Amino acid sequence: MKNLEMARIFNEIADMLELQDENLFRIRAYRRAALNLESLGEDLEEVVRRDELRKIPGIGADLALKIKTFFETGRVDFYEKIKKKTPAVLLEMITIPGMGPKTAKLLYSKLKIRSIPDLEKKARAHKISGLPGIKDKTEENIIKGIEFIKKKKGRMLLSTAAYAANEVLERLKRLKEVKKISPAGSLRRQKETVRDIDILVISTKPAKVMKTFTALPQVKEVLAHGPTKSGILTKDDIQVDVRVMEKGSFGAALVYFTGSKAHNIRLRKLAIEKGLKVNEYGVFKGKREKRIAGKTEGEVYESLGLVYIPPELREDQGEIEAALEKRLPKLLELKDIKGDLHVHSDWSDGRYSIEGMAEAARKRGYEYIAITDHSKGLKIAGGLSNKERLKQIDEIHRINRRLKGIKVLAGAEVDIRDNGSLDYSDDILKKLDVVIAAVHSGFKQPGEKLTKRIVTAMKNRYVDIIAHPTGRLMGTRDAYQIDTEEVLKVAKDTDTAIEINAYPERLDLNDIGCRRAKELGVLLAISTDAHITEQFDNMRYGVGVARRGWLERRDVLNTLSWDKVRERLKAK
DNA sequence: GCCGTTTTCGGCCCGACTGTTTTCAGTCG
């Protein structure tokens, strides 16, 4: 898939045009196109082949031609040309927080900056202060900015952000001046990774809130401290921004701070078409700017002729059109989940007994779990031999007779071997209630081979679910190069469910894949892959992915009750 | 550079904070 590469090129073109002081809207066009390529559900090359590039929002005649040429020749001439003209150091300089194209160009031309270390050296030697419009403070900020990018870790996992946000929320909630508080931003949209944490506070005493926030014990550095908006860096180098508003603006502010940016832009355009104006304070009408909405999010959407759009959909990926036509999906909710179909016990690499896991699941209100310990080939994870597997099946049957209030399915996470065959023979597989097949080796094999292994596994009549289909571990390992489209199509044909693995590092299948799966009529199973009881909590991240993928209850296998899920699994 | 049931040309989202000014440009989200 070259989708991301194409997006990167467009983003880089936008950066370079910005350095050339180009028309802002032309720059925005490149960025918008890049964003839409990043979130494209299918292989861009397929779209080229069908000659449907211009159906992608933000791709017009010019960009379509650039994409087409890129696939034909492997290069984009305009990109190569502009790149030659732009000093590479300028592109690096604008990644420093607080430094935009104007400052970067000024420093470059006046001081002949050659590299970031060179810039740092000159800043520390006070060569920068004294240039037009620049004094000591700016110089200090440049040094700080360079230090920041040196240690910058990029985006954090959603789970990390949720934890950090909660620590700040809990602290601020204790203030009597805080009337309402809500996380916003990509955290609220349940994006798989988050850059920084946005929090909205409703209070009539913003100064007090700002003062408390910037003095919290977890603060390492105050990045900004204004009357209603402040930003801090925590001791874990996580940026948290808090904005205080009055209660009549709560809904409008929450829409604004939740984003995404693309979604907000669409809302504001829609408002203009209706003679309205939207900002974080509300929706305003007429010359006298009378506020007609703002208190709740529902009110804001309604005033624009839309039904309420859940945060997870706010990406300008068709949700606005769907809301206009009142055909938004009724998204899956955590409470719809009736059980967990991928759970490990101490028979393989889990920490707790089968009963221990079952008991914890029952307490969560689940009707069932599937114990799916590893198969014999995965020795490192304590995979079960044929004999042990049969013994475990008997044991699970015994436990079921004893246990009240929850059912345990006898399952297995069966290794897909190098040739696509499975790690147990059919006469063992058929004794299991649920068979999950997964790739645990050969991650670097060519895409065709990996795809073929998974496809072959799905064609086995006993395989019910494919676990973590792309194998990615965010921050550690990229997705392997499988042909997702092919996998999904075969999943549909063979009536195999695809897993949404809810491990925060995995979230695999991801949101984009889920949406495509739904379009193709593929059933998903959201599973925690829990190795300890606490990991059952990760279900909410899996549900987050599903919601971002527009999934409804009927699209997810484990929303079915015990009887139905058993029937469904047998039917394959 | 994109886009169109008011437009194929002329629009294109909106505001806070900072550092430098003395009314605002630059940057960010």
# chains A, B, ... in the order shown; residues from 1 in each chain; ligands from 1
$ interface_residues --of "chain B" --to "chain A" --cutoff "7 Å" --atoms "only C-alpha atoms (C1' of nucleotides)" --output "JSON, numbers by chain"
{"B": [1, 2, 12, 13, 14, 17, 20, 27]}
$ select_by_dssp --residues "region 1-108 of chain A" --states "alpha helix (DSSP H)" --output "VMD selection string"
chain A and resid 3 to 19 24 to 38 44 to 49 61 to 73 77 to 85 88 to 93 101 to 108
$ closest_residue --among "A:Leu233, A:Leu378, A:Leu341, A:Ile197" --to "Ala410 (chain A)" --atoms "only C-alpha atoms"
A:Leu341
$ residues_around --residues "Arg461 (chain A)" --least-positions-apart "5" --cutoff "12 Å" --atoms "only C-alpha atoms (C1' of nucleotides)" --output "PyMOL selection string"
chain A and resi 422+425-427+429-430+434-437+455-456+491+493-496+569-572
$ select_by_dssp --residues "region 368-572 of chain A" --states "strand (DSSP E)" --output "PyMOL selection string"
chain A and resi 368-371+407-415+434-438+465-466+497-501+524-527
$ closest_residue --among "A:Lys387, A:Lys81, A:His342, A:His531" --to "Asp464 (chain A)" --atoms "only C-alpha atoms"
A:His342
$ atom_distance --atom1 "CA of Gly382 (chain A)" --atom2 "CA of Glu395 (chain A)"
17.6 Å
$ residues_around --residues "Asp415 (chain A)" --least-positions-apart "4" --cutoff "10 Å" --atoms "only C-alpha atoms (C1' of nucleotides)" --output "list in words"
His374, Ser375, Lys376, Gly377, Leu378, Gly383, Gly420, Ser421, Leu422, Asp423, Tyr424, Ile436, Ala437, Ala438, Val439, His440, Ser441 and Ala457 of chain A
$ write_last_selection --atoms "C-alpha atoms" --output "PDB file, in the first residue's frame"
ATOM      1  CA  HIS A 374      -2.095 -21.282  22.519  1.00  0.00           C
ATOM      2  CA  SER A 375      -1.506 -24.348  20.364  1.00  0.00           C
ATOM      3  CA  LYS A 376       1.464 -26.676  20.525  1.00  0.00           C
ATOM      4  CA  GLY A 377       3.617 -24.895  17.937  1.00  0.00           C
ATOM      5  CA  LEU A 378       3.882 -21.776  20.070  1.00  0.00           C
ATOM      6  CA  GLY A 383       1.229 -24.005  23.787  1.00  0.00           C
ATOM      7  CA  GLY A 420      -1.180 -22.208   5.932  1.00  0.00           C
ATOM      8  CA  SER A 421      -2.047 -25.462   7.666  1.00  0.00           C
ATOM      9  CA  LEU A 422      -3.199 -25.399  11.257  1.00  0.00           C
ATOM     10  CA  ASP A 423      -1.387 -26.544  14.339  1.00  0.00           C
ATOM     11  CA  TYR A 424      -4.022 -29.152  15.287  1.00  0.00           C
ATOM     12  CA  ILE A 436      -9.212 -18.791  16.543  1.00  0.00           C
ATOM     13  CA  ALA A 437      -6.438 -18.959  13.987  1.00  0.00           C
ATOM     14  CA  ALA A 438      -3.489 -16.598  14.103  1.00  0.00           C
ATOM     15  CA  VAL A 439      -0.107 -15.960  12.543  1.00  0.00           C
ATOM     16  CA  HIS A 440       2.731 -15.928  15.065  1.00  0.00           C
ATOM     17  CA  SER A 441       5.724 -16.408  12.799  1.00  0.00           C
ATOM     18  CA  ALA A 457      -6.562 -21.106   7.301  1.00  0.00           C
TER      19      ALA A 457
END
$ residues_around --residues "Ile96 (chain A)" --least-positions-apart "2" --cutoff "12 Å" --atoms "only C-alpha atoms (C1' of nucleotides)" --output "list of chain:residue names"
A:Val89, A:Leu90, A:Leu91, A:Glu92, A:Met93, A:Ile94, A:Gly98, A:Met99, A:Gly100, A:Pro101, A:Thr103, A:Ala104, A:Ile116, A:Leu119, A:Glu120, A:Asn141, A:Ile142, A:Ile143, A:Lys144, A:Gly145, A:Ile146, A:Glu147, A:Phe148, A:Ile149, A:Lys150, A:Lys151, A:Lys152, B:DT27
